[in-house]
Each structure stands twice: as C-alpha cells, then as structure tokens.
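File shown here: model_29.txt, holding compact mmCIF, C-alpha atoms.
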# COMPACT_ATOMS: atom_id res chain seq x y z
CA MET A 27 103.47 34.40 2.88
CA THR A 28 99.74 34.39 3.49
CA LEU A 29 97.77 31.50 4.75
CA THR A 30 94.35 30.74 3.35
CA THR A 31 91.81 28.62 5.05
CA GLU A 32 89.00 26.80 3.39
CA PRO A 33 85.53 26.91 4.87
CA PRO A 34 84.73 23.82 6.91
CA VAL A 35 82.62 21.14 5.28
CA THR A 36 79.37 20.72 7.12
CA LYS A 37 77.33 17.54 7.22
CA THR A 38 73.64 17.83 6.75
CA THR A 39 70.95 15.50 7.93
CA PRO A 40 69.37 14.90 4.46
CA ALA A 41 72.65 13.37 3.24
CA ARG A 42 72.35 10.67 5.89
CA ARG A 43 68.86 9.76 4.75
CA LYS A 44 69.69 9.23 1.09
CA PRO A 45 70.64 5.51 1.35
CA ARG A 46 67.32 4.66 2.97
CA VAL A 47 65.35 6.58 0.33
CA ARG A 48 67.25 4.82 -2.42
CA GLY A 49 66.61 1.50 -0.67
CA ARG A 50 62.87 2.08 -0.71
CA ARG A 51 62.96 2.98 -4.38
CA GLY A 52 65.00 -0.12 -5.11
CA VAL A 53 62.44 -2.29 -3.32
CA LEU A 54 59.63 -0.78 -5.39
CA LEU A 55 61.52 -1.12 -8.67
CA VAL A 56 62.00 -4.83 -8.05
CA ALA A 57 58.62 -5.52 -6.43
CA VAL A 58 56.62 -4.13 -9.37
CA PRO A 59 57.87 -6.61 -12.03
CA LEU A 60 57.52 -9.44 -9.50
CA LEU A 61 53.90 -8.42 -8.92
CA VAL A 62 53.31 -8.34 -12.68
CA ILE A 63 54.68 -11.89 -13.05
CA ALA A 64 52.54 -13.14 -10.16
CA LEU A 65 49.38 -11.55 -11.53
CA ALA A 66 50.09 -12.91 -15.01
CA VAL A 67 50.46 -16.53 -13.91
CA LEU A 68 47.47 -16.26 -11.57
CA LEU A 69 44.99 -14.39 -13.76
CA LEU A 70 45.78 -15.40 -17.35
CA PRO A 71 44.51 -18.99 -16.92
CA LEU A 72 41.19 -17.57 -15.70
CA THR A 73 40.60 -15.60 -18.92
CA GLY A 74 40.12 -18.69 -21.11
CA LEU A 75 42.47 -17.27 -23.75
CA LEU A 76 45.08 -20.00 -23.31
CA PRO A 77 44.66 -23.60 -24.48
CA ASP A 78 44.85 -26.58 -22.17
CA PRO A 79 48.54 -26.93 -21.20
CA ASN A 80 48.27 -30.75 -21.42
CA GLN A 81 46.48 -30.81 -24.77
CA GLN A 82 48.61 -32.68 -27.33
CA ASP A 83 48.78 -31.83 -31.04
CA LEU A 84 51.40 -34.00 -32.71
CA ALA A 85 50.82 -32.28 -36.04
CA ALA A 86 52.07 -29.02 -34.48
CA ALA A 87 55.02 -30.55 -32.59
CA LEU A 88 58.27 -28.57 -32.27
CA GLN A 89 56.94 -25.38 -33.85
CA PRO A 90 59.34 -22.45 -33.20
CA PRO A 91 58.29 -19.25 -31.40
CA VAL A 92 56.86 -16.42 -33.44
CA PHE A 93 60.09 -14.42 -33.16
CA ALA A 94 61.97 -17.38 -34.69
CA GLY A 95 59.66 -17.84 -37.68
CA GLY A 96 56.70 -19.53 -35.99
CA SER A 97 53.00 -18.66 -36.14
CA TRP A 98 50.80 -16.70 -33.75
CA ASP A 99 48.77 -19.86 -33.08
CA HIS A 100 51.60 -20.79 -30.71
CA PRO A 101 53.44 -17.53 -29.87
CA LEU A 102 56.19 -19.26 -27.88
CA GLY A 103 56.24 -22.45 -29.93
CA THR A 104 55.46 -26.06 -28.96
CA ASP A 105 57.30 -29.03 -27.52
CA LYS A 106 57.73 -32.55 -28.93
CA LEU A 107 54.16 -33.49 -28.04
CA GLY A 108 52.63 -30.33 -29.47
CA HIS A 109 51.93 -28.69 -26.11
CA ASP A 110 51.60 -24.91 -26.31
CA LEU A 111 54.62 -23.52 -24.46
CA LEU A 112 52.99 -20.21 -23.55
CA SER A 113 50.14 -22.02 -21.82
CA ARG A 114 52.53 -24.41 -20.07
CA LEU A 115 54.76 -21.56 -18.88
CA VAL A 116 51.81 -19.65 -17.44
CA HIS A 117 50.26 -22.69 -15.75
CA GLY A 118 53.67 -23.96 -14.64
CA GLY A 119 54.47 -20.59 -13.14
CA ARG A 120 51.64 -21.02 -10.65
CA LEU A 121 53.09 -24.22 -9.22
CA THR A 122 56.60 -22.74 -9.30
CA LEU A 123 55.47 -19.74 -7.23
CA VAL A 124 53.56 -21.98 -4.81
CA ILE A 125 56.64 -24.16 -4.30
CA GLY A 126 58.78 -21.06 -3.82
CA LEU A 127 56.46 -19.52 -1.24
CA LEU A 128 55.77 -22.73 0.68
CA GLY A 129 59.45 -23.65 0.54
CA ALA A 130 60.31 -20.30 2.09
CA VAL A 131 57.76 -20.76 4.88
CA VAL A 132 58.87 -24.28 5.87
CA ALA A 133 62.52 -23.15 5.95
CA ILE A 134 62.16 -19.75 7.61
CA ILE A 135 60.07 -20.87 10.60
CA PRO A 136 62.55 -23.41 12.09
CA GLY A 137 65.48 -21.26 10.96
CA THR A 138 64.11 -18.23 12.81
CA LEU A 139 63.40 -20.16 16.00
CA VAL A 140 66.82 -21.83 16.09
CA GLY A 141 68.68 -18.62 15.20
CA LEU A 142 66.78 -16.53 17.74
CA LEU A 143 67.38 -19.06 20.51
CA ALA A 144 71.10 -19.36 19.71
CA GLY A 145 71.67 -15.63 19.37
CA TYR A 146 69.81 -14.63 22.53
CA ARG A 147 70.80 -17.39 24.96
CA ARG A 148 74.47 -17.62 23.92
CA GLY A 149 76.69 -19.90 26.03
CA LEU A 150 76.29 -23.67 25.71
CA THR A 151 72.99 -23.34 23.84
CA ASP A 152 74.61 -21.17 21.18
CA THR A 153 77.58 -23.56 20.88
CA ILE A 154 75.40 -26.63 20.34
CA LEU A 155 73.02 -24.95 17.89
CA SER A 156 75.88 -23.30 15.97
CA ARG A 157 77.60 -26.68 15.51
CA LEU A 158 74.28 -28.09 14.30
CA ILE A 159 73.94 -25.25 11.80
CA ASP A 160 77.51 -25.76 10.57
CA ALA A 161 76.93 -29.50 10.16
CA GLN A 162 73.78 -28.86 8.13
CA LEU A 163 75.53 -26.34 5.89
CA ALA A 164 78.36 -28.80 5.26
CA LEU A 165 75.98 -31.37 3.72
CA PRO A 166 75.30 -30.96 -0.04
CA PHE A 167 71.59 -30.49 -0.61
CA ILE A 168 71.57 -33.09 -3.39
CA LEU A 169 72.57 -35.83 -0.92
CA ILE A 170 69.72 -34.86 1.40
CA ALA A 171 67.28 -34.76 -1.53
CA LEU A 172 68.37 -38.16 -2.82
CA SER A 173 68.09 -39.70 0.64
CA VAL A 174 64.59 -38.36 1.29
CA ILE A 175 63.12 -38.85 -2.20
CA SER A 176 64.54 -42.35 -2.62
CA ASN A 177 62.70 -43.40 0.58
CA ARG A 178 59.47 -41.42 0.19
CA GLY A 179 59.09 -40.92 -3.57
CA SER A 180 58.43 -37.73 -5.52
CA SER A 181 55.54 -35.53 -4.40
CA LEU A 182 54.89 -31.95 -3.37
CA GLY A 183 54.96 -32.86 0.32
CA VAL A 184 58.30 -34.66 0.03
CA LEU A 185 59.71 -31.72 -1.95
CA LEU A 186 58.69 -29.34 0.85
CA VAL A 187 60.43 -31.59 3.39
CA VAL A 188 63.61 -31.39 1.30
CA LEU A 189 63.31 -27.60 1.09
CA ALA A 190 62.86 -27.37 4.86
CA LEU A 191 65.87 -29.59 5.57
CA THR A 192 68.13 -27.69 3.18
CA GLY A 193 66.89 -24.14 3.86
CA TRP A 194 66.62 -23.67 7.60
CA ALA A 195 70.35 -23.49 8.38
CA PRO A 196 71.23 -20.38 6.27
CA CYS A 197 68.22 -18.57 7.75
CA ALA A 198 69.22 -19.58 11.29
CA ARG A 199 72.75 -18.24 10.82
CA VAL A 200 71.54 -14.78 9.72
CA VAL A 201 68.86 -14.57 12.43
CA ARG A 202 71.43 -15.60 15.06
CA ALA A 203 73.75 -12.76 14.04
CA SER A 204 70.89 -10.24 14.11
CA ALA A 205 69.68 -11.48 17.50
CA MET A 206 73.19 -11.11 18.93
CA VAL A 207 73.18 -7.45 17.86
CA LEU A 208 69.73 -6.76 19.31
CA ARG A 209 70.40 -8.41 22.69
CA GLU A 210 73.15 -5.85 23.32
CA ARG A 211 70.77 -2.90 22.87
CA GLN A 212 69.90 -0.86 25.92
CA PHE A 213 66.22 -1.79 25.90
CA VAL A 214 67.00 -5.44 26.76
CA PRO A 215 68.62 -4.81 30.19
CA ALA A 216 66.00 -2.13 30.80
CA LEU A 217 63.25 -4.72 30.27
CA ARG A 218 65.03 -7.15 32.59
CA ALA A 219 65.28 -4.43 35.24
CA ALA A 220 61.55 -3.78 34.84
CA GLY A 221 60.84 -7.44 35.65
CA ALA A 222 60.05 -8.71 32.15
CA SER A 223 60.57 -12.45 31.69
CA GLU A 224 63.02 -13.81 29.14
CA THR A 225 60.15 -15.27 27.11
CA ARG A 226 58.38 -11.91 27.00
CA ILE A 227 61.57 -10.13 25.94
CA VAL A 228 62.14 -12.59 23.10
CA LEU A 229 58.57 -12.82 21.80
CA ARG A 230 57.31 -9.27 22.44
CA HIS A 231 60.43 -7.24 21.73
CA LEU A 232 63.22 -9.12 19.94
CA LEU A 233 61.06 -11.00 17.45
CA PRO A 234 59.18 -7.87 16.24
CA ASN A 235 62.52 -6.15 15.73
CA LEU A 236 63.65 -9.10 13.61
CA ALA A 237 60.48 -9.12 11.50
CA GLY A 238 62.06 -7.12 8.67
CA THR A 239 65.11 -9.39 8.56
CA VAL A 240 62.90 -12.48 8.57
CA VAL A 241 60.79 -11.14 5.69
CA ALA A 242 63.95 -10.39 3.73
CA LEU A 243 65.31 -13.89 4.39
CA ALA A 244 61.99 -15.43 3.36
CA THR A 245 62.16 -13.47 0.10
CA LEU A 246 65.64 -14.79 -0.61
CA GLN A 247 64.50 -18.30 0.30
CA VAL A 248 61.80 -18.13 -2.40
CA GLY A 249 64.51 -17.90 -5.04
CA THR A 250 66.46 -20.72 -3.42
CA ALA A 251 63.37 -22.96 -3.35
CA VAL A 252 62.71 -22.29 -7.04
CA LEU A 253 66.30 -23.21 -7.92
CA VAL A 254 66.21 -26.38 -5.81
CA GLU A 255 62.93 -27.49 -7.39
CA SER A 256 64.28 -26.78 -10.87
CA ALA A 257 67.45 -28.76 -10.18
CA LEU A 258 65.52 -31.72 -8.78
CA SER A 259 63.03 -31.67 -11.67
CA PHE A 260 65.94 -31.55 -14.11
CA LEU A 261 67.22 -34.76 -12.49
CA GLY A 262 63.76 -36.34 -12.55
CA LEU A 263 63.30 -36.05 -8.78
CA GLY A 264 61.00 -33.03 -8.56
CA VAL A 265 57.59 -32.33 -10.02
CA VAL A 266 56.16 -35.26 -11.96
CA ALA A 267 53.51 -35.32 -14.70
CA PRO A 268 50.74 -34.31 -15.06
CA SER A 269 51.82 -31.46 -12.76
CA ILE A 270 53.70 -28.65 -14.52
CA SER A 271 56.45 -26.39 -13.22
CA TRP A 272 59.14 -24.37 -14.94
CA GLY A 273 61.73 -26.87 -13.78
CA ALA A 274 59.72 -29.76 -15.24
CA ILE A 275 59.35 -27.95 -18.59
CA LEU A 276 63.08 -27.28 -18.61
CA ALA A 277 63.80 -30.96 -17.93
CA SER A 278 61.53 -32.03 -20.81
CA GLY A 279 63.56 -29.91 -23.24
CA GLN A 280 67.06 -31.04 -22.25
CA SER A 281 67.14 -33.64 -25.06
CA LEU A 282 65.91 -31.16 -27.67
CA LEU A 283 68.55 -28.44 -27.41
CA THR A 284 69.95 -29.05 -30.90
CA GLN A 285 66.62 -29.19 -32.72
CA ALA A 286 64.19 -27.20 -30.53
CA TRP A 287 66.21 -24.92 -28.24
CA TRP A 288 63.18 -22.88 -27.19
CA VAL A 289 61.66 -25.76 -25.19
CA ALA A 290 64.48 -25.54 -22.62
CA ALA A 291 65.58 -21.93 -23.16
CA LEU A 292 62.25 -20.22 -22.43
CA PRO A 293 61.61 -21.83 -19.01
CA GLY A 294 65.29 -21.32 -18.23
CA VAL A 295 64.96 -17.61 -18.92
CA ALA A 296 61.77 -17.47 -16.82
CA ILE A 297 63.52 -19.14 -13.87
CA THR A 298 66.54 -16.84 -14.22
CA VAL A 299 64.44 -13.67 -14.29
CA LEU A 300 62.29 -14.75 -11.34
CA VAL A 301 65.23 -15.76 -9.15
CA LEU A 302 67.17 -12.61 -10.07
CA LEU A 303 64.26 -10.33 -9.16
CA VAL A 304 63.58 -12.21 -5.91
CA ASN A 305 67.24 -12.05 -4.88
CA LEU A 306 67.44 -8.34 -5.67
CA LEU A 307 64.32 -7.73 -3.59
CA GLY A 308 65.71 -9.80 -0.72
CA ASP A 309 69.04 -7.95 -0.79
CA ALA A 310 67.27 -4.58 -0.76
CA LEU A 311 65.08 -5.65 2.18
CA LEU A 312 68.06 -7.00 4.13
CA SER A 313 69.90 -3.72 3.64
CA HIS A 314 66.86 -1.69 4.64
CA TYR A 315 66.07 -3.71 7.78
CA ASP A 316 69.65 -4.16 9.00
CA PRO A 317 69.29 -4.10 12.83
CA ARG A 318 72.61 -2.22 13.14
CA LYS A 319 71.02 0.84 11.45
CA GLY A 320 68.13 1.48 13.77
CA GLY A 321 66.92 1.32 17.31
CA HIS A 322 64.24 -0.51 19.17
CA ARG A 323 60.89 -0.49 17.38

Would you mind giving the structure from this file in structure tokens?
Amino acid sequence: MTLTTEPPVTKTTPARRKPRVRGRRGVLLVAVPLLVIALAVLLLPLTGLLPDPNQQDLAAALQPPVFAGGSWDHPLGTDKLGHDLLSRLVHGGRLTLVIGLLGAVVAIIPGTLVGLLAGYRRGLTDTILSRLIDAQLALPFILIALSVISNRGSSLGVLLVVLALTGWAPCARVVRASAMVLRERQFVPALRAAGASETRIVLRHLLPNLAGTVVALATLQVGTAVLVESALSFLGLGVVAPSISWGAILASGQSLLTQAWWVAALPGVAITVLVLLVNLLGDALLSHYDPRKGGHR
C-alpha cells in the first residue's frame, strides 16, 4: 500500500485583501446613484424646465403618468389639485434630503459623545450611560414625537428635535462598542505611559480612529430620519404646507389609492429607493471601517 500526500495549501496575501477591495467597490456602486439623485433634486429646479410645484390646474387634476396613458405635459401625472407630480417630487426631494442630513447631524453628535464617554471610561459612568441608552431605546419614537409636537407644534425645528431625541441612542450604542475595542489597543497604554492626558487620548487618538464608524452611522441615520419624517407627515405631524417633502406628498395621496394610485405610489417608491441606497452605503462603510480590522491610524 502506498501513501500519497497532497501538496500543502498556501495562503497568499492578495486573498486577504479581497474583502476590502470589494467593500470599496460596493461603496462606489451605491454612492454613484445617490449622487445622481442629489444632483437631480438640487439642479433640476434651477434649469427652469419644471413648473411651479404649487401651481394648481384643476382642469388637469388626477392625470395619470405617461407610462399609464397620460400625456407628456405631466410625465408623472398630477394630484387632485392639478399639481405636477414630477415638479413636486424634485422640489420635495430637496427638503427630504435636508431633513435627512440635518437629522443625522443632530443625532450623531450627542450619540458619539455619549458612546465615546461610556466606552472609554467604563465603570460607573458606563453603567449609568448604558442604562440611559437602554431606556431611550425602549421608548417608541411615536410617543416621543407626539409628546414634543403636541406641545410645540409642527415645524422644521421641532422635527429636528424629535429626530435628535429618537436617533442618538442607537448611535451611542455602536460608538460605545467601538470605543471599548479601541481602548484595549496597545497604543492607549503607550500614550498613558508617555504622559498623555485622558482628554488628549480621547480627542486626538480615539476620536480620529472612530471617524469612519461615525460617518457610517451618520449615513445610516440619514435613512432613519427620512423614514421618521415620512411617517410623521403621513400622520399629519411632519412637514406642513406650503412646504413639500416626499412624506407630505405621500400623505396627500393616501385617500386616492383607488382612483389615482400614482399620487402615493411614486413618492413611496422614491422614499424606498433613497432609504435602501443610504442603508446599503452605511452598511458598506461600517464593514469597511470596522475597528476590529485595523490598527491605530
């Protein structure tokens, strides 16, 4: 009986780099359509090709889109007041993006500070802040929104307060976990041994290492802010006329689903596509900037 041996399988360095290359490509594939959407809603109103989004034409009310038998005068149809839906979607997209971006900023700043403090200090500070985060996550966002809006009314500023109150806790939890990983790296005790203060370690070394994670969380929070605004507008608690957002357009078409489905369906599709792309981009960034994959930067 003869024994045969197979050649050993060797691991090569390029094989270890493939996930990161694919991650970069994934980020680009998602970022490009997002950039196209942003440029469209920002630049198309400046061309003068679109009619006034608030201009009423009752004679042209509830015209279907061109792909459903309508005319090219209104490519995406009209609503019950004769507003051109294409113009309203483009103009409404600007406010939707602004709410998404500002909502991400007002949530990510306190979430990052709380998560960084809890993850780095640990001990009693971590226990108190973690219980605060858990308590915030246990509250349904709709109860917070109703409480704030019923006292302050509907406006962009109040909406941003709601987004900050409902968005900081998820960001803080992720940043806390990342900070706990980074504080165990060798460069932290080395900095302490070199005489660096705790404040300098946190602001000059830990926070820059968390920048990628924070950007990824902010990207995900954009999608969350868009969904929250759409839900509140659908309930009549979000954007109010004459301001236009995709959520407000969707709310105006909820009573027309049986006779003019496109009034609610088109902004719904726009919200779905935007949130899906933003979430895919955020997931790709989180995977790429996972602090467990790399060293001190």

Could you work out an axis-aligned box for segment 117-123 of chain A, taking every atom the file lists and adding 3 Å on each side, and report centre and edge lengths in Å to one decimal, as AutoDock Vina command-line options?
--center_x 53.4 --center_y -22.0 --center_z -11.5 --size_x 12.3 --size_y 10.5 --size_z 14.5

Got a sec: who's within 8 Å of segment 263-277 of chain A, counting only C-alpha atoms, leaving out chain neighbours fewer than 3 positions off, as a PDB file with C-alpha atoms, keeping the file's coordinate frame?
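Writing done, so here's result.pdb:
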ATOM      1  CA  ASN A  80      48.270 -30.750 -21.420  1.00  0.00           C
ATOM      2  CA  ARG A 114      52.530 -24.410 -20.070  1.00  0.00           C
ATOM      3  CA  LEU A 115      54.760 -21.560 -18.880  1.00  0.00           C
ATOM      4  CA  HIS A 117      50.260 -22.690 -15.750  1.00  0.00           C
ATOM      5  CA  GLY A 118      53.670 -23.960 -14.640  1.00  0.00           C
ATOM      6  CA  GLY A 119      54.470 -20.590 -13.140  1.00  0.00           C
ATOM      7  CA  ARG A 120      51.640 -21.020 -10.650  1.00  0.00           C
ATOM      8  CA  LEU A 121      53.090 -24.220  -9.220  1.00  0.00           C
ATOM      9  CA  THR A 122      56.600 -22.740  -9.300  1.00  0.00           C
ATOM     10  CA  ILE A 175      63.120 -38.850  -2.200  1.00  0.00           C
ATOM     11  CA  SER A 180      58.430 -37.730  -5.520  1.00  0.00           C
ATOM     12  CA  SER A 181      55.540 -35.530  -4.400  1.00  0.00           C
ATOM     13  CA  LEU A 182      54.890 -31.950  -3.370  1.00  0.00           C
ATOM     14  CA  LEU A 185      59.710 -31.720  -1.950  1.00  0.00           C
ATOM     15  CA  GLU A 255      62.930 -27.490  -7.390  1.00  0.00           C
ATOM     16  CA  SER A 256      64.280 -26.780 -10.870  1.00  0.00           C
ATOM     17  CA  ALA A 257      67.450 -28.760 -10.180  1.00  0.00           C
ATOM     18  CA  LEU A 258      65.520 -31.720  -8.780  1.00  0.00           C
ATOM     19  CA  SER A 259      63.030 -31.670 -11.670  1.00  0.00           C
ATOM     20  CA  PHE A 260      65.940 -31.550 -14.110  1.00  0.00           C
ATOM     21  CA  GLN A 280      67.060 -31.040 -22.250  1.00  0.00           C
ATOM     22  CA  VAL A 289      61.660 -25.760 -25.190  1.00  0.00           C
ATOM     23  CA  ALA A 290      64.480 -25.540 -22.620  1.00  0.00           C
ATOM     24  CA  ALA A 291      65.580 -21.930 -23.160  1.00  0.00           C
ATOM     25  CA  PRO A 293      61.610 -21.830 -19.010  1.00  0.00           C
ATOM     26  CA  GLY A 294      65.290 -21.320 -18.230  1.00  0.00           C
ATOM     27  CA  ALA A 296      61.770 -17.470 -16.820  1.00  0.00           C
ATOM     28  CA  ILE A 297      63.520 -19.140 -13.870  1.00  0.00           C
TER      29      ILE A 297
END

| If we count all atoms listed in the file, what is near Leu169 of chain A at a cut-off of 12 Å, once residues fewer than 5 positions away on the same chain are taken out, given as a PyMOL selection string? | chain A and resi 162+164+174-176+188+191-192+258

In Å, with one decimal, what is the gap from atom CA of Gln81 of chain A to atom CA of Pro101 of chain A?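 It comes out at 15.8 Å.
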
Per residue of segment 92-183 of chain A within 10 Å of segment 207-216 of chain A, record the nearest atom pair and its distance in Å to one decimal, counting all atoms listed in the file, with rows in chain order and ascending residue number, as CSV.
residue,atom,partner,partner_atom,distance
A:Gly145,CA,A:Arg209,CA,8.0
A:Tyr146,CA,A:Arg209,CA,6.2
A:Arg147,CA,A:Arg209,CA,9.3

(request) Grab the atom CA of Val301 of chain A to atom CA of Leu55 of chain A distance for me, in Å with one decimal place. (result)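 Atom-to-atom, atom CA of Val301 of chain A to atom CA of Leu55 of chain A, that is 15.1 Å.
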
inquiry  = With all atoms listed in the file as the counted atoms, please give the residues lying no more than 8 Å from Ala244 of chain A, apart from itself and same-chain residues fewer than 4 positions off, as a list in words.
reply    =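 In the requested format, the answer is Ala130, Val131, Ile134, Val240, Val248 and Gly308 of chain A.
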
Save out the residues we just selected, C-alpha atoms, as a PDB file, in the coordinates of the input.
ATOM      1  CA  ALA A 130      60.310 -20.300   2.090  1.00  0.00           C
ATOM      2  CA  VAL A 131      57.760 -20.760   4.880  1.00  0.00           C
ATOM      3  CA  ILE A 134      62.160 -19.750   7.610  1.00  0.00           C
ATOM      4  CA  VAL A 240      62.900 -12.480   8.570  1.00  0.00           C
ATOM      5  CA  VAL A 248      61.800 -18.130  -2.400  1.00  0.00           C
ATOM      6  CA  GLY A 308      65.710  -9.800  -0.720  1.00  0.00           C
TER       7      GLY A 308
END

Looking at A:Gly238, A:Gly262, A:Gly179, A:Pro91, which one is nearest to Leu292 of chain A, with distances taken over only C-alpha atoms?
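Looking only at the distances to Leu292 of chain A, the closest residue turns out to be A:Pro91.
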
Checklist entry - So how far away is atom CA of Ser204 of chain A from atom CA of Thr245 of chain A, in Å? => result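 A separation of 16.8 Å between them.
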
Give me the residues within 10 Å of Asp105 of chain A as a list in words, counting all atoms listed in the file and dropping any in the same chain fewer than 4 places off.
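Non-adjacent residues within range: Gln82, Asp83, Leu84, Ala86, Ala87, Leu88, Gln89, Pro90, His109, Asp110, Leu111, Arg114, Ile275, Ser278, Gly279, Leu282, Ala286, Trp287, Trp288, Val289 and Ala290 of chain A.
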
Kindly save the residues from that selection, with C-alpha atoms included, as a PDB file, in the coordinates of the input.
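Listed below is the output, part26.pdb:
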ATOM      1  CA  GLN A  82      48.610 -32.680 -27.330  1.00  0.00           C
ATOM      2  CA  ASP A  83      48.780 -31.830 -31.040  1.00  0.00           C
ATOM      3  CA  LEU A  84      51.400 -34.000 -32.710  1.00  0.00           C
ATOM      4  CA  ALA A  86      52.070 -29.020 -34.480  1.00  0.00           C
ATOM      5  CA  ALA A  87      55.020 -30.550 -32.590  1.00  0.00           C
ATOM      6  CA  LEU A  88      58.270 -28.570 -32.270  1.00  0.00           C
ATOM      7  CA  GLN A  89      56.940 -25.380 -33.850  1.00  0.00           C
ATOM      8  CA  PRO A  90      59.340 -22.450 -33.200  1.00  0.00           C
ATOM      9  CA  HIS A 109      51.930 -28.690 -26.110  1.00  0.00           C
ATOM     10  CA  ASP A 110      51.600 -24.910 -26.310  1.00  0.00           C
ATOM     11  CA  LEU A 111      54.620 -23.520 -24.460  1.00  0.00           C
ATOM     12  CA  ARG A 114      52.530 -24.410 -20.070  1.00  0.00           C
ATOM     13  CA  ILE A 275      59.350 -27.950 -18.590  1.00  0.00           C
ATOM     14  CA  SER A 278      61.530 -32.030 -20.810  1.00  0.00           C
ATOM     15  CA  GLY A 279      63.560 -29.910 -23.240  1.00  0.00           C
ATOM     16  CA  LEU A 282      65.910 -31.160 -27.670  1.00  0.00           C
ATOM     17  CA  ALA A 286      64.190 -27.200 -30.530  1.00  0.00           C
ATOM     18  CA  TRP A 287      66.210 -24.920 -28.240  1.00  0.00           C
ATOM     19  CA  TRP A 288      63.180 -22.880 -27.190  1.00  0.00           C
ATOM     20  CA  VAL A 289      61.660 -25.760 -25.190  1.00  0.00           C
ATOM     21  CA  ALA A 290      64.480 -25.540 -22.620  1.00  0.00           C
TER      22      ALA A 290
END

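Of the residues listed (A:Gly108, A:Leu253, A:Val116, A:Pro79), A:Val116 shows the shortest atom-to-atom separation from Leu65 of chain A; distances use all atoms listed in the file.
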
In terms of only C-alpha atoms, the residue from A:Leu311, A:Leu112, A:Ile63, A:Val53 at minimal distance from Leu246 of chain A is A:Leu311

For Leu300 of chain A, the closest of A:Gly149, A:Leu54, A:Gly249, A:Leu139 counting all atoms listed in the file is A:Gly249

Just the residues within 12 Å of Leu163 of chain A, please, counting only C-alpha atoms, with nothing from its chain fewer than 6 positions along; format it as a PyMOL selection string. chain A and resi 156-157+170+191-199

Dump C-alpha atoms for the selected residues as an mmCIF file, keeping the file's coordinate frame?
data_model
loop_
_atom_site.group_PDB
_atom_site.id
_atom_site.type_symbol
_atom_site.label_atom_id
_atom_site.label_comp_id
_atom_site.auth_asym_id
_atom_site.auth_seq_id
_atom_site.Cartn_x
_atom_site.Cartn_y
_atom_site.Cartn_z
ATOM 1 C CA SER A 156 75.880 -23.300 15.970
ATOM 2 C CA ARG A 157 77.600 -26.680 15.510
ATOM 3 C CA ILE A 170 69.720 -34.860 1.400
ATOM 4 C CA LEU A 191 65.870 -29.590 5.570
ATOM 5 C CA THR A 192 68.130 -27.690 3.180
ATOM 6 C CA GLY A 193 66.890 -24.140 3.860
ATOM 7 C CA TRP A 194 66.620 -23.670 7.600
ATOM 8 C CA ALA A 195 70.350 -23.490 8.380
ATOM 9 C CA PRO A 196 71.230 -20.380 6.270
ATOM 10 C CA CYS A 197 68.220 -18.570 7.750
ATOM 11 C CA ALA A 198 69.220 -19.580 11.290
ATOM 12 C CA ARG A 199 72.750 -18.240 10.820
#

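When only C-alpha atoms are used to measure the gap to Arg148 of chain A, the shortest distance among A:Met206, A:Val201, A:Ile135, A:Leu186 belongs to A:Met206.
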